[in-house]
Amino acid sequence: MKLAFHLAYKNLMGAGLRTWLNAGVLSFAFVVIIFYNGLIDGWNEQAKIDGINWDYGYGHLLNDAYDAYDPFSIEDGHGILAKDKQENLTPILIQQGNIYPNGRMMATRIKGIDPNQKILRLPTELLNSSKAQIPVIIGKRMAESAKVKMGDELLLRWRDKNGTYDATTVTIAGIFDSTVPFVDGGQIWMSIDQLREMTLLQNETTYLVANENYEHVETSGWNFESQKYLMREQTKLINTKKISGSILYGVLMTLGLLAIFDTQVLSIFRRQKEIGTYIALGMTRWQVVRMFTAEGGMYSVFATILGAIYGIPILWYLAAKGIGFGGMGSDMGVIISERTYPVYGLGLIFGTILVVVLSATIVSFMPARKIARMNPIDALKGKVQ
C-alpha cells in the first residue's frame, strides 16, 4: 500500500501542469462549498439572534383568537390574562389605525408595550418621555416610508372597542434601526397603558413575550408558541437556500470530478506498457488498481492544500469583515442584517473535505477497474483493450 501511494505521488508530480489544473478546478469547488454554506450558516445564526432580541424573545403566549398571519383577527384577538400568570412575560396589545404624515394616509398597526420592559431590544424607555403628550417610537424603514423624523407630530386615528372612531396627535420620541421587519414595517409603538385607555380595552392583551425564566403552564384561552416554532419560517427559508446552493456546487464538483475521470481514462489508455511492467515485476492487478485509485484520490488532497492556500485568507477576511446586503432583507420580509458574517464550523470544513476526497477516490476507481481485466502480455505490447 505504501509503495502504491509512493508511485502515485511520483506519477502526479511527473504530470506537472495537468495535475495542478485538475487540483485547481476541484479546489475552487471546495472553497465555494465552504463559503456558501458558511454564509448561509452565518445568516441563520444572525437571524436567530436578531429575531430573539427584537421579536421572539423566548416564546409568545397568544390569545386563542389572534392569528399573526390574519389581520382580520386583530379586532377580536385579545383577552385578559390574570396578573399572577404574567410573571416573566411582557404584554403587547395590537390595534388597527391610520396615521396622516404630510397630508397622506397610511394604514398602520398600533402596538402597545410596557415602556419598562427588558426582554426586547426596542427602545421602549423613550415612551416615558415627558416632552410629548403621547410619545411613540417607530422603525427606521417606517420613518423613511412615512417621510418623518424624530420630534415630528402625526395625527393618529383608531377605533375603540365600541367601534367609535377617535383621533389624536402623537409625537415621534424615537426611531430605532432593526433588521427584523416584523417590528418595523407598517407599525408604531406606544405605551400599552396609553393604548388601553384610548381603545377602552382595560387590561386586554393580544400576546405576551416570554423571557428566559418563563415556564409555560397551560392556560385556557391562551396558546404558547416556542422560539423554535416562531422561527420555523426562517428555518424553512434557510433550508431552501441550502438546497438551491447544492445545485451550484454540485455543478462545480461535477466539473472537477469529470476532469479527474477524463485524466484517469487517458492515463490508463496511454500507460498500458507501464501497467504491464508493474504486473510483470510482481504486482497484482488489484495492487495496480489501488495505485491508480490512490493517484486519482491524491488530486483531492492537492485540491485541499491548494484551496487552503488561497481559500483561508479569503474566507477569513469575509468572516471578519462580513458581506453587505444593504438592508434588503426588510424589503423582502425576512431577517437579514446589513452585514452578514459567514460562520465556518469544523463540521462544515471536515465534512466538505471528506466529500471531496471520497468523490475523487470513487471517480478514480471507476476507470481503474479496467486494469483488473487487462492481459499483462498485451499490456506490455501496448495493445488497446
# chains A, B, ... in the order shown; residues from 1 in each chain; ligands from 1
$ select_by_dssp --residues "range 131-225 of chain A" --states "strand (DSSP E)" --output "PyMOL selection string"
chain A and resi 135-139+153-159+165-176+187-191+204-205+207-210+222-225
$ write_last_selection --atoms "C-alpha atoms" --output "tab-separated table (two decimals), in the first residue's frame"
chain	number	residue	atom	x	y	z
A	135	PRO	CA	-44.81	59.63	22.67
A	136	VAL	CA	-44.42	56.84	20.12
A	137	ILE	CA	-41.45	55.05	18.56
A	138	ILE	CA	-41.16	53.73	15.01
A	139	GLY	CA	-38.61	51.81	12.95
A	153	GLU	CA	-46.07	65.15	15.24
A	154	LEU	CA	-48.54	62.86	13.50
A	155	LEU	CA	-52.29	62.59	13.51
A	156	LEU	CA	-53.27	59.09	14.64
A	157	ARG	CA	-56.77	57.71	14.15
A	158	TRP	CA	-58.13	54.48	15.67
A	159	ARG	CA	-61.38	52.79	16.64
A	165	TYR	CA	-63.52	56.40	15.71
A	166	ASP	CA	-61.25	58.82	17.53
A	167	ALA	CA	-58.05	60.69	16.72
A	168	THR	CA	-55.21	62.47	18.48
A	169	THR	CA	-51.75	63.82	17.84
A	170	VAL	CA	-48.73	61.68	18.71
A	171	THR	CA	-45.05	62.65	18.78
A	172	ILE	CA	-42.20	60.55	17.47
A	173	ALA	CA	-39.97	60.14	20.52
A	174	GLY	CA	-37.56	57.71	18.91
A	175	ILE	CA	-36.58	55.97	15.67
A	176	PHE	CA	-34.88	52.58	16.00
A	187	GLN	CA	-46.41	49.85	12.73
A	188	ILE	CA	-45.89	52.27	15.58
A	189	TRP	CA	-45.21	51.51	19.26
A	190	MET	CA	-46.66	53.29	22.27
A	191	SER	CA	-47.22	52.66	25.96
A	204	GLU	CA	-56.60	43.50	27.49
A	205	THR	CA	-53.62	41.86	25.78
A	207	TYR	CA	-49.93	38.39	23.15
A	208	LEU	CA	-47.12	38.28	25.70
A	209	VAL	CA	-43.38	37.86	25.11
A	210	ALA	CA	-41.57	35.46	27.44
A	222	TRP	CA	-54.08	31.24	25.51
A	223	ASN	CA	-51.68	29.35	23.26
A	224	PHE	CA	-47.89	29.24	23.72
A	225	GLU	CA	-45.57	29.32	20.71
$ residues_around --residues "Thr206 in chain A" --least-positions-apart "6" --cutoff "12 Å" --atoms "only C-alpha atoms" --output "number ranges by chain"
A: 60-68, 73-81, 90-95, 110-113, 192, 196, 221-223
$ select_by_dssp --residues "range 19-170 of chain A" --states "helix (DSSP H, G or I)" --output "ChimeraX atom specification"
/A:19-56,71-73,83-85,101-103,124-128,140-146
$ closest_residue --among "A:Val288, A:Ile362, A:Leu252, A:Ile49" --to "Val180 in chain A" --atoms "only C-alpha atoms"
A:Ile49
$ atom_distance --atom1 "CA of Val356 in chain A" --atom2 "CA of Ser300 in chain A"
6.2 Å
$ closest_residue --among "A:Leu348, A:Ala107, A:Leu306, A:Val334" --to "Gln46 in chain A" --atoms "only C-alpha atoms"
A:Val334
$ residues_around --residues "Phe30 in chain A" --least-positions-apart "6" --cutoff "8 Å" --atoms "only C-alpha atoms" --output "list in words"
Met253, Ala303, Thr304, Gly307, Thr352, Ile353 and Val356 of chain A
$ closest_residue --among "A:Val357, A:Asn128, A:Gly245, A:Ala47" --to "Tyr299 in chain A" --atoms "only C-alpha atoms"
A:Val357
$ closest_residue --among "A:Ile34, A:Leu358, A:Ala319, A:Met298" --to "Pro342 in chain A" --atoms "only C-alpha atoms"
A:Ala319
